[in-house]
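I have placed the structure first, in the form of structure tokens, so that the comments after it can refer back to it.
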Amino acid sequence: MDAVLKAAGLKKYYGKGEALVKALDGVDLEIERGKFTAIIGTSGSGKSTLLNMLGGLDTPTEGSIRIGNTELAKLTSEEATVFRRKQIGFIFQGFNLIPALNAWENVELPLIYQGVPASKRADRVEAALERVGLAERAGHKPTEMSGGQQQRVSIARAIATQPPIIMADEPTGALDSRSAKLLLDRFEALNREGRATILMVTHDAFTASYCRRILFLQDGAVLTQLERGGQSRRAFFQQIIGVVTRLGGDQSDVL
């Protein structure tokens, strides 16, 4: 299976001398097309920093990041902005919806930025909202929806642009357990039925157990990884907990 994203020798340092902080310290990874992958780690492990690097939201101190045939480091700031709009669908913990716009308008906005014709925009928005089960809420504004529904709108917004890769940063962090499970079911369906490539950062073992592959990040480096294979999600969850324990992590940080 081919890789949609490759990172090599990725480092991100802050400060100098005794104040030097190595947020990322030599990360190499590949994200396979059509796979649901998680980066899991405790607070301070560097996982959100890594996602920001991979998504072109920040620049590394050293190393290279390639999405498709594009090397992110070679892009100007303006080129990087245009590239992100077309190539990456972002989903954030805080939803990042525009309060004054309804669900339909929030999903449509990135398509307008892309210059997609109005007739095609309508089809894409409708299909995206139907995919996340919110077609009937298209006219509602964020304040008229639950947290889980708002996050599903953010998923619809991310997939409407039909990007090669979707990146999600702690997408269940602001949700109750029921809403989180419904959201993860949507992710799993997107990956299984639509072959969406999803890269998700999380500190939570239950959330990670929905993925097909997991990279364990600690102190800014990838220590090991797991593949789910044909085992059940419950069995995969137990395997994740086993790795966390062997790595010396506090299970309370990832449960």
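Order determines the names: the first chain of the structure tokens is A, the second B, and so forth; residues in each chain are numbered 1 upward, and ligands are numbered 1 upward as they are shown.
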### Query
Within 8 Å of segment 126-140 of chain A, counting only C-alpha atoms, which residues qualify if same-chain residues fewer than 2 places away don't, as a ChimeraX atom specification?
/A:102-104,122-124,142,144-145,149,152-153,155-157,159-160,186
Pull C-alpha atoms from the residues just selected and write them as a tab-separated table (two decimals), in the first residue's frame.
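Output file selection-v3.tsv is given in full below:
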chain	number	residue	atom	x	y	z
A	102	ASN	CA	-25.36	27.35	9.98
A	103	ALA	CA	-24.12	23.78	9.42
A	104	TRP	CA	-24.56	23.96	5.65
A	122	ALA	CA	-24.38	22.00	-3.15
A	123	ASP	CA	-23.89	18.34	-4.06
A	124	ARG	CA	-20.77	18.02	-1.95
A	142	PRO	CA	-23.58	25.71	16.19
A	144	GLU	CA	-28.43	25.08	18.29
A	145	MET	CA	-26.54	21.78	18.22
A	149	GLN	CA	-23.34	17.28	16.44
A	152	ARG	CA	-19.86	15.86	13.18
A	153	VAL	CA	-20.32	19.11	11.25
A	155	ILE	CA	-16.10	16.11	10.01
A	156	ALA	CA	-18.49	16.98	7.17
A	157	ARG	CA	-16.50	20.16	6.53
A	159	ILE	CA	-14.53	15.50	3.98
A	160	ALA	CA	-16.45	17.89	1.69
A	186	ARG	CA	-18.42	7.75	12.06
### Contacts of Gln93 of chain A within 12 Å, only C-alpha atoms, excl. fewer than 2 positions in-chain, as a list of chain:residue names
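Everything that qualifies: A:Ser48, A:Phe90, A:Ile91, A:Phe95, A:Asn96, A:Leu97, A:Gly147, A:Gly148, A:Gln150, A:Gln151, A:Arg152, A:Ser154, A:Ile155, A:Met167, A:Ala168, A:Asp169, A:Glu170, A:Pro171, A:Thr172, A:Gly173, A:Ala174, A:Leu175, A:Ala180, A:Met200, A:Val201, A:Thr202.
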Got time to write the residues from that selection, N, CA and C atoms, as an mmCIF file, in the first residue's frame?
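This is the output file result15.cif:
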data_model
loop_
_atom_site.group_PDB
_atom_site.id
_atom_site.type_symbol
_atom_site.label_atom_id
_atom_site.label_comp_id
_atom_site.auth_asym_id
_atom_site.auth_seq_id
_atom_site.Cartn_x
_atom_site.Cartn_y
_atom_site.Cartn_z
ATOM 1 N N SER A 48 0.659 16.604 19.599
ATOM 2 C CA SER A 48 0.003 17.719 18.910
ATOM 3 C C SER A 48 1.015 18.521 18.091
ATOM 4 N N PHE A 90 -8.923 19.213 8.278
ATOM 5 C CA PHE A 90 -8.596 19.301 9.697
ATOM 6 C C PHE A 90 -9.840 19.183 10.571
ATOM 7 N N ILE A 91 -9.702 18.445 11.670
ATOM 8 C CA ILE A 91 -10.760 18.335 12.683
ATOM 9 C C ILE A 91 -10.101 18.604 14.034
ATOM 10 N N PHE A 95 -13.813 22.170 17.665
ATOM 11 C CA PHE A 95 -14.773 22.228 16.547
ATOM 12 C C PHE A 95 -14.387 23.285 15.502
ATOM 13 N N ASN A 96 -14.068 24.531 15.941
ATOM 14 C CA ASN A 96 -13.677 25.622 15.036
ATOM 15 C C ASN A 96 -14.735 25.953 13.991
ATOM 16 N N LEU A 97 -16.005 25.863 14.388
ATOM 17 C CA LEU A 97 -17.085 26.285 13.498
ATOM 18 C C LEU A 97 -17.314 27.788 13.657
ATOM 19 N N GLY A 147 -22.589 19.235 21.378
ATOM 20 C CA GLY A 147 -21.167 19.149 21.068
ATOM 21 C C GLY A 147 -20.864 18.056 20.067
ATOM 22 N N GLY A 148 -21.516 16.908 20.226
ATOM 23 C CA GLY A 148 -21.309 15.813 19.292
ATOM 24 C C GLY A 148 -21.742 16.167 17.882
ATOM 25 N N GLN A 150 -21.896 19.233 16.632
ATOM 26 C CA GLN A 150 -20.952 20.212 16.110
ATOM 27 C C GLN A 150 -19.689 19.527 15.585
ATOM 28 N N GLN A 151 -19.214 18.526 16.313
ATOM 29 C CA GLN A 151 -18.018 17.833 15.850
ATOM 30 C C GLN A 151 -18.295 17.057 14.576
ATOM 31 N N ARG A 152 -19.501 16.540 14.421
ATOM 32 C CA ARG A 152 -19.861 15.864 13.176
ATOM 33 C C ARG A 152 -19.936 16.838 12.010
ATOM 34 N N SER A 154 -17.967 19.382 11.801
ATOM 35 C CA SER A 154 -16.559 19.611 11.473
ATOM 36 C C SER A 154 -15.998 18.464 10.632
ATOM 37 N N ILE A 155 -16.497 17.233 10.856
ATOM 38 C CA ILE A 155 -16.095 16.114 10.008
ATOM 39 C C ILE A 155 -16.629 16.323 8.592
ATOM 40 N N MET A 167 -6.820 14.968 9.174
ATOM 41 C CA MET A 167 -6.057 15.013 10.414
ATOM 42 C C MET A 167 -6.953 15.499 11.546
ATOM 43 N N ALA A 168 -6.990 14.730 12.633
ATOM 44 C CA ALA A 168 -7.864 15.050 13.761
ATOM 45 C C ALA A 168 -7.047 15.147 15.041
ATOM 46 N N ASP A 169 -7.167 16.270 15.735
ATOM 47 C CA ASP A 169 -6.409 16.509 16.966
ATOM 48 C C ASP A 169 -7.340 16.386 18.163
ATOM 49 N N GLU A 170 -7.231 15.282 18.905
ATOM 50 C CA GLU A 170 -8.067 15.020 20.082
ATOM 51 C C GLU A 170 -9.554 15.294 19.777
ATOM 52 N N PRO A 171 -10.106 14.692 18.728
ATOM 53 C CA PRO A 171 -11.470 15.042 18.297
ATOM 54 C C PRO A 171 -12.560 14.703 19.303
ATOM 55 N N THR A 172 -12.287 13.793 20.235
ATOM 56 C CA THR A 172 -13.300 13.419 21.228
ATOM 57 C C THR A 172 -13.092 14.130 22.562
ATOM 58 N N GLY A 173 -12.077 14.983 22.645
ATOM 59 C CA GLY A 173 -11.695 15.578 23.918
ATOM 60 C C GLY A 173 -12.756 16.412 24.593
ATOM 61 N N ALA A 174 -13.634 17.052 23.805
ATOM 62 C CA ALA A 174 -14.659 17.923 24.372
ATOM 63 C C ALA A 174 -16.030 17.257 24.419
ATOM 64 N N LEU A 175 -16.075 15.937 24.195
ATOM 65 C CA LEU A 175 -17.355 15.235 24.096
ATOM 66 C C LEU A 175 -17.582 14.297 25.278
ATOM 67 N N ALA A 180 -18.731 10.725 22.036
ATOM 68 C CA ALA A 180 -17.420 10.298 21.563
ATOM 69 C C ALA A 180 -17.517 8.974 20.810
ATOM 70 N N MET A 200 -5.119 10.499 13.443
ATOM 71 C CA MET A 200 -5.736 11.055 14.648
ATOM 72 C C MET A 200 -4.763 11.045 15.817
ATOM 73 N N VAL A 201 -4.667 12.189 16.481
ATOM 74 C CA VAL A 201 -3.870 12.300 17.706
ATOM 75 C C VAL A 201 -4.789 12.140 18.906
ATOM 76 N N THR A 202 -4.378 11.328 19.886
ATOM 77 C CA THR A 202 -5.195 11.137 21.078
ATOM 78 C C THR A 202 -4.306 10.719 22.248
#
### Task
Write out as a PyMOL selection string all residues of segment 69-151 of chain A that DSSP puts in strand (DSSP E or B) for this structure's backbone.
chain A and resi 70-71+88-92
Dump as a PDB file, in the first residue's frame, selection limited to N, CA and C atoms:
ATOM      1  N   THR A  70       4.618  16.531  -2.841  1.00  0.00           N
ATOM      2  CA  THR A  70       4.954  17.879  -2.396  1.00  0.00           C
ATOM      3  C   THR A  70       5.766  17.863  -1.104  1.00  0.00           C
ATOM      4  N   GLU A  71       6.906  18.528  -1.109  1.00  0.00           N
ATOM      5  CA  GLU A  71       7.725  18.711   0.079  1.00  0.00           C
ATOM      6  C   GLU A  71       7.282  20.011   0.748  1.00  0.00           C
ATOM      7  N   ILE A  88      -5.605  18.658   2.852  1.00  0.00           N
ATOM      8  CA  ILE A  88      -5.785  18.190   4.222  1.00  0.00           C
ATOM      9  C   ILE A  88      -7.125  18.661   4.777  1.00  0.00           C
ATOM     10  N   GLY A  89      -7.858  17.744   5.387  1.00  0.00           N
ATOM     11  CA  GLY A  89      -9.068  18.104   6.111  1.00  0.00           C
ATOM     12  C   GLY A  89      -8.775  18.072   7.598  1.00  0.00           C
ATOM     13  N   PHE A  90      -8.923  19.213   8.278  1.00  0.00           N
ATOM     14  CA  PHE A  90      -8.596  19.301   9.697  1.00  0.00           C
ATOM     15  C   PHE A  90      -9.840  19.183  10.571  1.00  0.00           C
ATOM     16  N   ILE A  91      -9.702  18.445  11.670  1.00  0.00           N
ATOM     17  CA  ILE A  91     -10.760  18.335  12.683  1.00  0.00           C
ATOM     18  C   ILE A  91     -10.101  18.604  14.034  1.00  0.00           C
ATOM     19  N   PHE A  92     -10.616  19.618  14.742  1.00  0.00           N
ATOM     20  CA  PHE A  92     -10.000  20.036  15.997  1.00  0.00           C
ATOM     21  C   PHE A  92     -10.907  19.732  17.181  1.00  0.00           C
TER      22      PHE A  92
END
### Summary
Restricting to only C-alpha atoms, whichever of A:Ile31, A:Leu101, A:Ala23, A:Val82 is closest to Tyr113 of chain A is A:Val82
### Picked from segment 7-226 of chain A by DSSP as alpha helix (DSSP H), as a VMD selection string
chain A and resid 47 to 54 77 to 87 103 to 114 118 to 131 147 to 160 177 to 194 205 to 208
### Selection near Ala221 of chain A, 9 Å with only C-alpha atoms, sequence-local residues under 3 positions removed, as a VMD selection string
chain A and resid 23 to 28 45 to 46 216 to 218
Take the residues from that selection and write them out as a compact mmCIF listing (two decimals), in the first residue's frame, keeping N, CA and C atoms.
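The file below, result.txt, is the result:
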# COMPACT_ATOMS: atom_id res chain seq x y z
N ALA A 23 10.72 19.15 21.59
CA ALA A 23 9.34 18.70 21.45
C ALA A 23 9.24 17.48 20.54
N LEU A 24 10.03 17.48 19.47
CA LEU A 24 10.17 16.33 18.58
C LEU A 24 11.66 16.09 18.38
N ASP A 25 12.06 14.83 18.43
CA ASP A 25 13.50 14.56 18.41
C ASP A 25 13.84 13.41 17.49
N GLY A 26 13.58 13.61 16.19
CA GLY A 26 13.95 12.61 15.19
C GLY A 26 12.85 11.62 14.87
N VAL A 27 11.73 12.12 14.38
CA VAL A 27 10.59 11.26 14.06
C VAL A 27 10.61 10.85 12.59
N ASP A 28 10.51 9.56 12.35
CA ASP A 28 10.35 9.01 11.00
C ASP A 28 9.03 8.24 10.97
N SER A 45 4.01 14.61 25.32
CA SER A 45 4.79 13.65 24.53
C SER A 45 5.19 14.20 23.16
N GLY A 46 4.52 15.27 22.73
CA GLY A 46 4.84 15.88 21.44
C GLY A 46 3.85 15.55 20.34
N PHE A 216 3.12 4.93 18.99
CA PHE A 216 3.26 5.37 20.38
C PHE A 216 4.38 6.40 20.47
N LEU A 217 4.02 7.60 20.90
CA LEU A 217 4.98 8.70 20.99
C LEU A 217 5.32 8.97 22.45
N GLN A 218 6.61 9.12 22.71
CA GLN A 218 7.06 9.43 24.07
C GLN A 218 8.31 10.29 23.98
### Message
I'd like the neighbourhood of Leu57 of chain A as a PyMOL selection string, where a residue qualifies if any of its atoms comes within 9 Å (using only C-alpha atoms), though same-chain residues fewer than 5 positions away should be ignored.
### Response
chain A and resi 51-52+80-81+84
